[in-house]
$ cat query-v2.cif   # mmCIF, C-alpha atoms and all ligand atoms
data_protein
#
loop_
_atom_site.label_atom_id
_atom_site.label_comp_id
_atom_site.auth_asym_id
_atom_site.auth_seq_id
_atom_site.Cartn_x
_atom_site.Cartn_y
_atom_site.Cartn_z
CA PRO A 178 -77.17 -15.19 42.34
CA ALA A 179 -74.87 -15.66 39.35
CA PRO A 180 -71.62 -17.48 40.21
CA ARG A 181 -68.71 -15.13 40.41
CA THR A 182 -65.84 -17.07 41.93
CA VAL A 183 -65.16 -20.16 39.86
CA LEU A 184 -62.63 -22.92 40.41
CA LEU A 185 -61.08 -23.73 37.03
CA THR A 186 -59.53 -27.22 37.06
CA GLY A 187 -57.14 -28.08 34.25
CA ALA A 188 -56.12 -24.45 34.12
CA ALA A 189 -52.71 -25.21 32.61
CA GLY A 190 -54.18 -27.13 29.66
CA GLY A 191 -55.07 -25.91 26.20
CA LEU A 192 -58.70 -25.15 26.94
CA GLY A 193 -57.92 -23.94 30.46
CA THR A 194 -55.42 -21.47 29.08
CA LEU A 195 -57.95 -20.17 26.54
CA MET A 196 -60.61 -19.79 29.25
CA ARG A 197 -58.20 -18.07 31.66
CA GLY A 198 -57.89 -15.44 28.96
CA LEU A 199 -61.57 -15.12 28.08
CA LEU A 200 -63.71 -15.71 31.18
CA PRO A 201 -62.56 -12.77 33.36
CA ALA A 202 -64.27 -10.41 30.86
CA TYR A 203 -67.57 -11.98 31.98
CA GLY A 204 -66.88 -10.87 35.54
CA TYR A 205 -65.51 -14.08 36.98
CA THR A 206 -62.80 -14.35 39.55
CA LEU A 207 -61.00 -17.58 38.72
CA ARG A 208 -59.26 -19.85 41.19
CA LEU A 209 -56.86 -22.01 39.19
CA LEU A 210 -55.97 -25.66 39.76
CA ASP A 211 -53.82 -28.08 37.81
CA MET A 212 -51.35 -30.86 38.58
CA ARG A 213 -48.84 -28.91 36.52
CA PRO A 214 -47.53 -25.64 37.94
CA LEU A 215 -48.77 -22.42 36.37
CA PRO A 216 -45.84 -20.05 35.94
CA GLY A 217 -46.75 -16.44 36.70
CA GLU A 218 -49.81 -17.49 38.73
CA PRO A 219 -48.61 -17.51 42.35
CA ASP A 220 -52.10 -18.19 43.72
CA ALA A 221 -52.72 -21.23 41.53
CA VAL A 222 -53.24 -24.53 43.32
CA THR A 223 -50.86 -27.22 42.11
CA ALA A 224 -52.65 -30.43 42.99
CA ASP A 225 -53.65 -33.76 41.53
CA LEU A 226 -57.31 -34.75 41.38
CA ALA A 227 -56.26 -37.71 43.55
CA ASP A 228 -55.57 -35.33 46.47
CA ARG A 229 -58.92 -35.12 48.24
CA ASP A 230 -57.75 -32.70 50.93
CA ALA A 231 -56.38 -30.31 48.33
CA LEU A 232 -59.62 -30.49 46.34
CA ARG A 233 -61.71 -29.77 49.38
CA GLU A 234 -59.63 -26.72 50.16
CA ALA A 235 -59.73 -25.60 46.52
CA VAL A 236 -63.53 -25.69 46.24
CA ARG A 237 -64.11 -24.02 49.61
CA GLY A 238 -65.99 -20.76 49.09
CA VAL A 239 -66.33 -20.89 45.30
CA ASP A 240 -69.71 -20.39 43.63
CA ALA A 241 -69.10 -22.98 40.92
CA VAL A 242 -66.51 -25.24 39.33
CA LEU A 243 -65.52 -25.40 35.67
CA HIS A 244 -64.01 -28.89 35.59
CA LEU A 245 -61.59 -29.31 32.70
CA ALA A 246 -58.80 -31.30 34.39
CA GLY A 247 -58.11 -34.83 33.32
CA ILE A 248 -56.58 -37.00 30.66
CA SER A 249 -57.84 -35.50 27.42
CA LEU A 250 -56.88 -38.28 25.00
CA GLU A 251 -56.84 -42.08 25.04
CA SER A 252 -54.70 -43.85 27.64
CA THR A 253 -54.54 -47.10 29.56
CA PHE A 254 -57.64 -48.01 31.53
CA ASP A 255 -55.69 -47.72 34.79
CA LYS A 256 -54.57 -44.15 34.11
CA ILE A 257 -58.04 -43.11 32.94
CA LEU A 258 -59.57 -44.74 36.01
CA LYS A 259 -57.31 -42.75 38.34
CA ALA A 260 -57.43 -39.33 36.70
CA ASN A 261 -60.84 -39.12 35.06
CA ILE A 262 -63.09 -41.51 36.94
CA GLU A 263 -61.76 -41.38 40.51
CA GLY A 264 -60.56 -37.80 40.00
CA THR A 265 -63.98 -36.57 38.94
CA TYR A 266 -65.61 -38.47 41.80
CA ASN A 267 -63.17 -36.80 44.22
CA LEU A 268 -64.12 -33.40 42.82
CA TYR A 269 -67.87 -34.04 43.23
CA GLU A 270 -67.33 -35.28 46.78
CA ALA A 271 -65.35 -32.15 47.60
CA ALA A 272 -68.15 -30.02 46.13
CA ARG A 273 -70.75 -31.88 48.16
CA GLU A 274 -68.79 -31.56 51.37
CA GLU A 275 -68.18 -27.84 50.85
CA GLY A 276 -71.67 -26.97 49.59
CA VAL A 277 -70.80 -26.00 46.01
CA ARG A 278 -74.04 -26.06 44.00
CA ARG A 279 -72.96 -25.89 40.35
CA ILE A 280 -70.42 -27.74 38.24
CA VAL A 281 -69.82 -27.26 34.55
CA ALA A 282 -68.03 -30.37 33.40
CA ALA A 283 -66.03 -31.07 30.25
CA SER A 284 -67.63 -34.12 28.74
CA SER A 285 -66.67 -34.93 25.17
CA ASN A 286 -68.07 -35.92 21.83
CA HIS A 287 -66.15 -39.16 22.45
CA ALA A 288 -68.83 -40.23 24.98
CA VAL A 289 -70.98 -40.73 21.88
CA GLY A 290 -68.10 -41.22 19.46
CA PHE A 291 -69.37 -44.42 17.83
CA THR A 292 -72.62 -42.73 16.81
CA PRO A 293 -72.75 -42.67 13.00
CA ARG A 294 -72.34 -39.13 11.77
CA PRO A 295 -75.38 -37.78 9.95
CA GLN A 296 -74.98 -37.78 6.20
CA GLY A 297 -76.94 -35.84 3.63
CA GLU A 298 -80.37 -34.92 4.97
CA GLN A 299 -80.19 -37.20 8.02
CA PRO A 300 -81.28 -35.52 11.27
CA LEU A 301 -78.83 -33.97 13.70
CA VAL A 302 -77.77 -36.19 16.61
CA PRO A 303 -79.85 -35.38 19.72
CA VAL A 304 -78.35 -35.13 23.24
CA ASP A 305 -80.35 -38.17 24.35
CA THR A 306 -78.82 -40.44 21.75
CA PRO A 307 -77.54 -43.63 23.45
CA ARG A 308 -74.00 -43.16 24.65
CA ARG A 309 -71.46 -45.01 22.54
CA PRO A 310 -67.97 -44.26 23.83
CA ASP A 311 -65.20 -44.72 21.30
CA THR A 312 -62.31 -45.13 23.79
CA PHE A 313 -61.65 -45.67 27.52
CA TYR A 314 -61.33 -41.87 27.47
CA GLY A 315 -64.86 -41.53 26.07
CA LEU A 316 -66.05 -44.12 28.58
CA SER A 317 -64.75 -41.92 31.41
CA LYS A 318 -66.73 -38.98 30.01
CA SER A 319 -69.82 -41.19 29.87
CA PHE A 320 -69.19 -42.03 33.54
CA GLY A 321 -68.86 -38.32 34.30
CA GLU A 322 -72.32 -37.69 32.86
CA ASP A 323 -73.83 -40.45 35.03
CA LEU A 324 -71.97 -39.17 38.08
CA ALA A 325 -73.39 -35.71 37.43
CA GLN A 326 -76.92 -37.16 37.23
CA LEU A 327 -76.40 -39.02 40.52
CA TYR A 328 -75.16 -35.91 42.33
CA TRP A 329 -78.16 -33.96 41.06
CA ASP A 330 -80.70 -36.61 42.01
CA LYS A 331 -79.14 -37.46 45.35
CA HIS A 332 -77.45 -34.26 46.51
CA GLY A 333 -78.97 -31.40 44.50
CA ILE A 334 -75.68 -30.42 42.90
CA GLU A 335 -76.38 -29.07 39.42
CA THR A 336 -74.19 -29.88 36.43
CA VAL A 337 -74.04 -28.89 32.83
CA SER A 338 -72.14 -31.64 31.00
CA VAL A 339 -70.66 -30.12 27.87
CA ARG A 340 -69.86 -32.67 25.15
CA ILE A 341 -67.16 -30.53 23.64
CA GLY A 342 -66.34 -31.03 19.98
CA SER A 343 -62.94 -29.54 19.16
CA CYS A 344 -62.04 -26.28 20.84
CA PHE A 345 -58.92 -24.87 19.26
CA LEU A 346 -58.07 -21.51 17.70
CA GLU A 347 -58.92 -22.87 14.26
CA PRO A 348 -60.31 -26.17 12.91
CA ALA A 349 -57.38 -28.37 11.85
CA ASN A 350 -59.15 -30.83 9.57
CA VAL A 351 -62.35 -31.45 7.62
CA ARG A 352 -64.00 -33.32 10.51
CA MET A 353 -63.51 -30.30 12.73
CA LEU A 354 -65.55 -28.23 10.29
CA SER A 355 -68.50 -30.09 11.84
CA VAL A 356 -67.44 -30.22 15.49
CA TRP A 357 -65.38 -27.06 16.00
CA MET A 358 -66.07 -24.75 18.93
CA SER A 359 -64.33 -21.41 18.60
CA PRO A 360 -62.72 -20.23 21.85
CA GLY A 361 -65.10 -17.25 21.89
CA ASP A 362 -68.12 -19.54 21.60
CA GLY A 363 -66.58 -21.79 24.26
CA ALA A 364 -66.48 -18.88 26.69
CA ARG A 365 -70.07 -17.93 25.75
CA LEU A 366 -71.24 -21.49 26.34
CA PHE A 367 -69.41 -21.93 29.66
CA HIS A 368 -70.77 -18.57 30.83
CA ALA A 369 -74.31 -19.65 29.93
CA ALA A 370 -73.77 -22.98 31.70
CA LEU A 371 -72.45 -21.26 34.82
CA THR A 372 -75.32 -18.78 35.07
CA ALA A 373 -78.52 -20.36 33.65
CA GLU A 374 -81.12 -21.17 36.27
CA ASP A 375 -82.55 -24.59 37.08
CA VAL A 376 -80.20 -26.62 34.93
CA ARG A 377 -80.50 -29.74 37.14
CA HIS A 378 -78.31 -32.05 35.04
CA THR A 379 -78.27 -30.79 31.49
CA VAL A 380 -76.26 -32.35 28.68
CA VAL A 381 -75.28 -30.09 25.79
CA TYR A 382 -73.07 -30.34 22.76
CA GLY A 383 -70.27 -27.80 22.74
CA SER A 384 -69.63 -26.29 19.34
CA SER A 385 -70.07 -23.24 17.21
CA ALA A 386 -73.04 -22.84 14.85
CA ASN A 387 -71.20 -24.65 12.09
CA THR A 388 -72.77 -24.97 8.65
CA ARG A 389 -71.68 -28.65 8.68
CA LEU A 390 -72.90 -29.31 12.24
CA TRP A 391 -73.63 -32.94 13.17
CA TRP A 392 -75.51 -32.46 16.43
CA ASP A 393 -78.39 -30.60 17.94
CA LEU A 394 -77.45 -27.45 19.85
CA SER A 395 -80.94 -26.78 21.19
CA SER A 396 -80.20 -27.80 24.81
CA ALA A 397 -77.20 -25.45 24.76
CA ARG A 398 -79.30 -22.63 23.31
CA ALA A 399 -81.92 -23.25 26.02
CA LEU A 400 -79.27 -22.19 28.55
CA GLY A 401 -79.00 -18.84 26.77
CA TYR A 402 -76.02 -19.79 24.60
CA GLU A 403 -75.93 -17.87 21.34
CA PRO A 404 -73.03 -19.08 19.21
CA ARG A 405 -71.54 -16.45 16.92
CA ASP A 406 -69.01 -18.44 14.93
CA ASP A 407 -69.15 -20.89 12.01
CA SER A 408 -66.18 -22.95 10.83
CA GLU A 409 -67.29 -22.59 7.21
CA GLN A 410 -64.82 -19.77 6.66
CA TYR A 411 -62.06 -22.43 6.90
CA ALA A 412 -63.80 -24.95 4.64
CA GLU A 413 -62.43 -23.99 1.26
CA LYS A 414 -58.81 -24.26 2.38
CA LEU A 415 -59.24 -27.49 4.39
CA VAL A 416 -61.29 -29.25 1.70
CA ALA A 417 -58.80 -28.24 -0.98
CA GLU A 418 -55.99 -29.76 1.12
CA GLN A 419 -57.75 -32.87 2.45
CA GLY A 420 -60.84 -33.52 0.31
CA GLU A 421 -64.38 -34.01 1.59
CA LEU A 422 -65.07 -36.73 4.18
CA ASP A 423 -65.34 -40.15 2.57
CA PRO A 424 -68.32 -42.23 3.85
CA ALA A 425 -66.39 -45.43 3.07
CA ASN A 426 -63.48 -44.41 5.31
CA PRO A 427 -64.08 -45.70 8.86
CA ASP A 428 -62.29 -42.65 10.24
CA HIS A 429 -64.99 -40.50 8.68
CA ALA A 430 -68.03 -42.61 9.56
CA HIS A 431 -68.65 -41.67 13.20
CA LEU A 432 -68.87 -38.56 15.37
CA GLY A 433 -65.62 -39.54 17.08
CA GLY A 434 -63.66 -39.74 13.84
CA HIS A 435 -60.25 -41.38 14.17
CA PHE A 436 -60.76 -41.93 17.92
CA CYS A 437 -62.88 -44.93 16.81
CA THR A 438 -60.00 -46.52 14.93
CA ASN A 439 -56.67 -45.03 15.94
CA PRO A 440 -57.06 -42.61 18.86
CA PRO A 441 -54.33 -40.16 19.80
CA VAL A 442 -52.64 -41.31 23.00
CA TRP A 443 -52.02 -39.20 26.10
CA PRO A 444 -48.25 -38.75 26.19
CA TYR A 445 -47.63 -38.90 29.94
P1 LIG B 1 -55.28 -30.67 28.06
O1 LIG B 1 -54.72 -32.04 28.08
O2 LIG B 1 -54.55 -29.60 27.31
O3 LIG B 1 -55.48 -30.15 29.56
C1 LIG B 1 -55.87 -31.00 30.61
C2 LIG B 1 -55.21 -30.47 31.88
O4 LIG B 1 -55.62 -31.31 32.96
C3 LIG B 1 -53.70 -30.49 31.82
O5 LIG B 1 -53.17 -29.21 32.12
C4 LIG B 1 -53.30 -31.51 32.86
O6 LIG B 1 -52.11 -31.17 33.57
C5 LIG B 1 -54.50 -31.50 33.80
N1 LIG B 1 -54.64 -32.78 34.48
C6 LIG B 1 -54.63 -34.03 33.93
N2 LIG B 1 -54.76 -34.96 34.87
C7 LIG B 1 -54.87 -34.29 36.05
C8 LIG B 1 -54.99 -34.72 37.39
N3 LIG B 1 -55.06 -36.02 37.73
N4 LIG B 1 -55.06 -33.77 38.35
C9 LIG B 1 -54.98 -32.45 38.04
N5 LIG B 1 -54.85 -32.00 36.79
C10 LIG B 1 -54.79 -32.91 35.80
O7 LIG B 1 -56.79 -30.82 27.52
P2 LIG B 1 -57.75 -29.68 26.96
O8 LIG B 1 -57.78 -29.79 25.49
O9 LIG B 1 -57.44 -28.39 27.59
O10 LIG B 1 -59.16 -30.23 27.48
C11 LIG B 1 -59.69 -29.82 28.71
C12 LIG B 1 -60.87 -30.72 29.08
O11 LIG B 1 -61.84 -30.65 28.07
C13 LIG B 1 -60.49 -32.19 29.23
O12 LIG B 1 -61.29 -32.75 30.25
C14 LIG B 1 -60.88 -32.78 27.90
O13 LIG B 1 -61.16 -34.14 28.01
C15 LIG B 1 -62.09 -31.94 27.54
N6 LIG B 1 -62.31 -31.83 26.11
C16 LIG B 1 -61.51 -30.99 25.35
C17 LIG B 1 -61.73 -30.86 24.01
C18 LIG B 1 -60.96 -29.88 23.20
O14 LIG B 1 -61.29 -29.69 22.03
N7 LIG B 1 -59.94 -29.21 23.71
C19 LIG B 1 -62.77 -31.65 23.33
C20 LIG B 1 -63.55 -32.48 24.21
C21 LIG B 1 -63.32 -32.54 25.54
C1 LIG B 2 -61.38 -34.51 22.67
O1 LIG B 2 -62.12 -34.99 23.51
C2 LIG B 2 -59.96 -34.17 22.96
O2 LIG B 2 -59.77 -33.82 24.32
C3 LIG B 2 -59.45 -33.05 22.07
O3 LIG B 2 -58.03 -32.98 22.20
C4 LIG B 2 -59.84 -33.25 20.61
O4 LIG B 2 -59.14 -34.33 20.09
C5 LIG B 2 -61.35 -33.46 20.49
O5 LIG B 2 -61.84 -34.41 21.39
C6 LIG B 2 -61.80 -33.88 19.08
O6 LIG B 2 -62.70 -34.71 18.98
O7 LIG B 2 -61.32 -33.31 18.10
#

$ encode --input "query-v2.cif" --output "structure tokens"
Amino acid sequence: PAPRTVLLTGAAGGLGTLMRGLLPAYGYTLRLLDMRPLPGEPDAVTADLADRDALREAVRGVDAVLHLAGISLESTFDKILKANIEGTYNLYEAAREEGVRRIVAASSNHAVGFTPRPQGEQPLVPVDTPRRPDTFYGLSKSFGEDLAQLYWDKHGIETVSVRIGSCFLEPANVRMLSVWMSPGDGARLFHAALTAEDVRHTVVYGSSANTRLWWDLSSARALGYEPRDDSEQYAEKLVAEQGELDPANPDHAHLGGHFCTNPPVWPY
């Protein structure tokens, strides 16, 4: 049966807020969790991923988890270890203990951020490209993908690991013309990942069908995902303001962009 009640972790974040708005139209009942309180959501669970008892209670009875909570930028190794590595482990353990069979996990392009971006006619980057994290943050997403594989092989918990590009209302720079995922396509992809059968552990890139795409969306399409958006409508304006990507600029040379050289730092 298709999952209907979904625990949304990271519900107070940027992507969580977008998905709170969009996923109910697909028929989901969302249970919300974040370490930050959610004003106007009296049933939301305010809990840290470090709180194993709270996680166990939060996953009890849900059909699936959409796991977005965590540090979403670069930070110290100790903070990343606690929130993203131990926190994601705690979530998988809670799911195992409570019999939850499906997790859709926010991985990131930064798990493969040091992969050179394709230029000219070079082929799109496949999902089985060797992982090349560009930050401790990307390293934690790489760990999350291995954790997902372990929990499939050992415990039969299925995961779709979504290597999200940049999911914001609009692309903010020329790099994002290649990696942008419109919020509408994000909801379509998460819905496909929550409902497709026999996903085992599947890794997909998360983006729209951008004209300037760098990676191969075929594993996402195999889940039933049909992207409808293309960032190209924003290209003229962004290129006029910023110029085309420069192959000689190290910030423009890899999938992870400036995360390879000067990553934005988590402010807390
Ligand atoms: P965000 O930083 O806006 O939201 C993350 C949320 O997680 C925050 O509300 C925060 O309070 C919560 N959180 C952090 N540590 C926690 C902990 N220990 N326990 C409980 N909650 C905790 O990030 P955003 O942009 O919404 O991203 C969501 C997820 O998607 C993250 O895992 C991020 O790494 C991933 N991602 C997002 C991309 C994007 O374009 N927005 C791109 C690639 C990956
Ligand atoms: C990420 O993984 C971040 O969470 C998000 O804030 C964006 O910076 C995105 O990658 C990106 O690559 O643009």

$ residues_near_ligand --input "query-v2.cif" --ligand "ligand LIG 2 (chain B)" --cutoff "9 Å" --atoms "all atoms listed in the file" --output "PyMOL selection string"
chain A and resi 191+248-251+283-288+290+314-315+318+340-345+348-349+352-353+356-357+432-436+440-441

$ write_last_selection --input "query-v2.cif" --atoms "C-alpha atoms" --output "short mmCIF file (atom, residue, chain, number, x, y, z; two decimals), in the coordinates of the input"
data_model
loop_
_atom_site.label_atom_id
_atom_site.label_comp_id
_atom_site.auth_asym_id
_atom_site.auth_seq_id
_atom_site.Cartn_x
_atom_site.Cartn_y
_atom_site.Cartn_z
CA GLY A 191 -55.07 -25.91 26.20
CA ILE A 248 -56.58 -37.00 30.66
CA SER A 249 -57.84 -35.50 27.42
CA LEU A 250 -56.88 -38.28 25.00
CA GLU A 251 -56.84 -42.08 25.04
CA ALA A 283 -66.03 -31.07 30.25
CA SER A 284 -67.63 -34.12 28.74
CA SER A 285 -66.67 -34.93 25.17
CA ASN A 286 -68.07 -35.92 21.83
CA HIS A 287 -66.15 -39.16 22.45
CA ALA A 288 -68.83 -40.23 24.98
CA GLY A 290 -68.10 -41.22 19.46
CA TYR A 314 -61.33 -41.87 27.47
CA GLY A 315 -64.86 -41.53 26.07
CA LYS A 318 -66.73 -38.98 30.01
CA ARG A 340 -69.86 -32.67 25.15
CA ILE A 341 -67.16 -30.53 23.64
CA GLY A 342 -66.34 -31.03 19.98
CA SER A 343 -62.94 -29.54 19.16
CA CYS A 344 -62.04 -26.28 20.84
CA PHE A 345 -58.92 -24.87 19.26
CA PRO A 348 -60.31 -26.17 12.91
CA ALA A 349 -57.38 -28.37 11.85
CA ARG A 352 -64.00 -33.32 10.51
CA MET A 353 -63.51 -30.30 12.73
CA VAL A 356 -67.44 -30.22 15.49
CA TRP A 357 -65.38 -27.06 16.00
CA LEU A 432 -68.87 -38.56 15.37
CA GLY A 433 -65.62 -39.54 17.08
CA GLY A 434 -63.66 -39.74 13.84
CA HIS A 435 -60.25 -41.38 14.17
CA PHE A 436 -60.76 -41.93 17.92
CA PRO A 440 -57.06 -42.61 18.86
CA PRO A 441 -54.33 -40.16 19.80
#

$ residues_around --input "query-v2.cif" --residues "segment 195-205 of chain A" --least-positions-apart "2" --cutoff "12 Å" --atoms "all atoms listed in the file" --output "JSON, numbers by chain"
{"A": [179, 180, 181, 182, 183, 184, 185, 186, 187, 188, 189, 190, 191, 192, 193, 207, 208, 209, 210, 215, 218, 221, 239, 240, 241, 242, 243, 244, 245, 344, 345, 346, 359, 360, 361, 362, 363, 364, 365, 366, 367, 368, 369, 371, 372]}

$ closest_residue --input "query-v2.cif" --among "A:Glu421, A:Asp375, A:Glu335, A:Asp211" --to "Ser355 of chain A" --atoms "all atoms listed in the file"
A:Glu421

$ atom_distance --input "query-v2.cif" --atom1 "atom CA of Val277 of chain A" --atom2 "atom CA of Val289 of chain A"
28.3 Å

$ closest_residue --input "query-v2.cif" --among "A:Ser396, A:Ser252, A:Asn439, A:Thr306" --to "ligand LIG 1 (chain B)" --atoms "only C-alpha atoms and all ligand atoms"
A:Ser252

$ closest_residue --input "query-v2.cif" --among "A:Asp393, A:Lys414, A:Tyr402, A:Trp443" --to "Pro303 of chain A" --atoms "all atoms listed in the file"
A:Asp393

$ atom_distance --input "query-v2.cif" --atom1 "atom CA of Cys437 of chain A" --atom2 "atom CA of Ala325 of chain A"
24.9 Å

$ closest_residue --input "query-v2.cif" --among "A:Met358, A:Ala272, A:Ala399, A:Ala430" --to "Arg237 of chain A" --atoms "only C-alpha atoms"
A:Ala272

$ axis_aligned_box --input "query-v2.cif" --around "segment 380-390 of chain A" --padding-each-side "3 Å" --output "lines of an AutoDock Vina configuration file"
center_x = -72.9
center_y = -27.6
center_z = 18.7
size_x = 12.6
size_y = 15.5
size_z = 26.0
